[in-house]
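> Take a look at the following structure, please.
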Amino acid sequence: MKTQTKSKKVNKAWLNNHVNDPYVQLAQKEGYRSRAAYKLKEIDEELKLIRPGQVVVDLGATPGAWSQYLRRKFAPKDAGQGGAAVGQLNGTIIALDLLDFEPIEGVQFIQGDFQEDEVLAALEAALAGRPVDVVVSDMAPNLSGIASTDAARISNLIELAVDFASRHLKPEGALVAKVFHGSGYNELVALFRSQFKVVKVVKPKASRERSSETFLVGIGLNAG
Ligand SMILES: C[S@@+](CC[C@H](N)C(=O)[O-])C[C@H]1O[C@@H](n2cnc3c(N)ncnc32)[C@H](O)[C@@H]1O
């Protein structure tokens, strides 16, 4: 009984924070499926990674706010402020997630686990040999609460994203990946440095301060 009361209190506090969060309110106003859109938007505004005409792969895409942001960037300028949610699209977006994804016009979706060979093969088939301009990954594994297991799960997903990026990005392409401070973080930064010419660590304002998440951005593949 005690635990139930406590968890109700925690839920209420979470709900209050969520409802009063300016990014949640902005997302509702601007028609984004989640406040996560503003994390990618800030990263992009700082580093100017996303441009019309590009091929972008969105890993861990559900519920779809990053894909919506990409879609708006790819909508022709005359489609209205901030681009349009429907209509013509100048660019390619391939989204992938374990979970289902409510369709977004013009976004190709693949459902499956990025760690599985056949899912990777489906993603590669969707690319049909086209080199990729930007890979964005907001993937976060289900956490077990056991620090070493969780760090290994996080690292494994990011290592796979780096491997995918190094095989499919254009030489000047970029990878944006969500990582978490803690065990394994320094090794992931070192992995990015070994693969990319420029590595930036970005903590967008839209990323809650108390969250250990941060974003690694690698730009331009190292030769060989
Ligand atoms: C924080 S959410 C992404 C939010 C998304 N960027 C947006 O803007 O709506 C993380 C997603 O990563 C997905 N994910 C976690 N592990 C995955 C895996 N191994 N393969 C594919 N997707 C995965 C989860 O299903 C979840 O939908």
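Identifiers for the structure tokens are assigned positionally: chains receive A, B, ... in sequence, residues are indexed from 1 per chain, and ligands are indexed from 1 in the order shown.
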Could you give me the residues within region 5-222 of chain A that DSSP places in alpha helix (DSSP H), as a VMD selection string?

chain A and resid 5 to 20 22 to 30 37 to 47 65 to 74 117 to 127 147 to 168 185 to 195

> Within 9 Å of ligand 1, which residues show up when you count only C-alpha atoms and all ligand atoms? List them as an NGL selection string, please.

:A and (32-40 or 58-69 or 96-101 or 111-116 or 119 or 136-142 or 154 or 157 or 178)

> Could you write out that same residue set with C-alpha atoms as a PDB file, in the first residue's frame?


ATOM      1  CA  TYR A  32       5.179  17.520 -33.044  1.00  0.00           C
ATOM      2  CA  ARG A  33       4.546  14.056 -31.649  1.00  0.00           C
ATOM      3  CA  SER A  34       7.002  14.626 -28.816  1.00  0.00           C
ATOM      4  CA  ARG A  35       9.256  17.273 -27.275  1.00  0.00           C
ATOM      5  CA  ALA A  36      12.245  15.266 -28.590  1.00  0.00           C
ATOM      6  CA  ALA A  37      11.873  17.221 -31.862  1.00  0.00           C
ATOM      7  CA  TYR A  38      13.521  20.230 -30.214  1.00  0.00           C
ATOM      8  CA  LYS A  39      16.656  18.270 -29.316  1.00  0.00           C
ATOM      9  CA  LEU A  40      17.362  17.506 -32.976  1.00  0.00           C
ATOM     10  CA  ASP A  58      16.414   8.009 -38.427  1.00  0.00           C
ATOM     11  CA  LEU A  59      17.222   5.171 -35.981  1.00  0.00           C
ATOM     12  CA  GLY A  60      14.909   4.680 -32.993  1.00  0.00           C
ATOM     13  CA  ALA A  61      12.350   6.883 -34.721  1.00  0.00           C
ATOM     14  CA  THR A  62       9.084   6.178 -32.840  1.00  0.00           C
ATOM     15  CA  PRO A  63       6.870   8.106 -32.061  1.00  0.00           C
ATOM     16  CA  GLY A  64       8.279  10.170 -34.945  1.00  0.00           C
ATOM     17  CA  ALA A  65       9.118  13.709 -33.819  1.00  0.00           C
ATOM     18  CA  TRP A  66      12.620  13.648 -35.367  1.00  0.00           C
ATOM     19  CA  SER A  67      11.177  12.334 -38.639  1.00  0.00           C
ATOM     20  CA  GLN A  68       8.595  15.125 -38.528  1.00  0.00           C
ATOM     21  CA  TYR A  69      11.390  17.675 -38.047  1.00  0.00           C
ATOM     22  CA  LEU A  96      13.485   2.477 -38.187  1.00  0.00           C
ATOM     23  CA  ASP A  97      12.196   1.373 -34.784  1.00  0.00           C
ATOM     24  CA  LEU A  98      11.367  -1.695 -32.736  1.00  0.00           C
ATOM     25  CA  LEU A  99       7.913  -0.238 -32.158  1.00  0.00           C
ATOM     26  CA  ASP A 100       5.201   0.644 -34.613  1.00  0.00           C
ATOM     27  CA  PHE A 101       5.236   4.105 -36.175  1.00  0.00           C
ATOM     28  CA  GLN A 111       9.925  -1.985 -38.044  1.00  0.00           C
ATOM     29  CA  GLY A 112      12.463  -4.163 -36.286  1.00  0.00           C
ATOM     30  CA  ASP A 113      15.462  -4.440 -34.005  1.00  0.00           C
ATOM     31  CA  PHE A 114      18.467  -2.573 -35.424  1.00  0.00           C
ATOM     32  CA  GLN A 115      20.688  -5.240 -33.830  1.00  0.00           C
ATOM     33  CA  GLU A 116      19.248  -7.994 -36.036  1.00  0.00           C
ATOM     34  CA  VAL A 119      16.524  -5.677 -40.082  1.00  0.00           C
ATOM     35  CA  VAL A 136      20.447  10.306 -36.567  1.00  0.00           C
ATOM     36  CA  SER A 137      20.005   7.902 -33.669  1.00  0.00           C
ATOM     37  CA  ASP A 138      17.836   8.544 -30.638  1.00  0.00           C
ATOM     38  CA  MET A 139      17.792   4.816 -29.801  1.00  0.00           C
ATOM     39  CA  ALA A 140      17.685   3.997 -26.131  1.00  0.00           C
ATOM     40  CA  PRO A 141      17.514   0.379 -24.973  1.00  0.00           C
ATOM     41  CA  ASN A 142      15.153  -0.814 -22.280  1.00  0.00           C
ATOM     42  CA  ILE A 154      23.795   1.286 -24.693  1.00  0.00           C
ATOM     43  CA  LEU A 157      23.566  -0.005 -29.962  1.00  0.00           C
ATOM     44  CA  LYS A 178      22.206   9.846 -28.182  1.00  0.00           C
TER      45      LYS A 178
END

> Go through chain A and collect every residue that DSSP, computed from the backbone, puts in strand (DSSP E); the answer should be as a PyMOL selection string.

chain A and resi 55-59+92-97+107-111+132-137+169-180+196-202+213-221

> Could you pull the residues within 12 Å of Ala165 (chain A), counting only C-alpha atoms, minus those fewer than 5 positions along the same chain, as a VMD selection string?

chain A and resid 56 to 59 120 124 131 to 137 158 to 160 170 to 177 192 195 to 196 217 to 222

> My list of candidates is A:Asp163, A:Glu46, A:Asp150, A:Glu30. Which is closest to Ser194 (chain A) when distances are computed with only C-alpha atoms?

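Among A:Asp163, A:Glu46, A:Asp150, A:Glu30, it is A:Asp163 that comes nearest to Ser194 (chain A).
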
> What does the structure give for the distance between CA of Leu216 (chain A) and CA of Pro52 (chain A), in Å to one decimal?

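Between CA of Leu216 (chain A) and CA of Pro52 (chain A) the gap works out to 22.6 Å.
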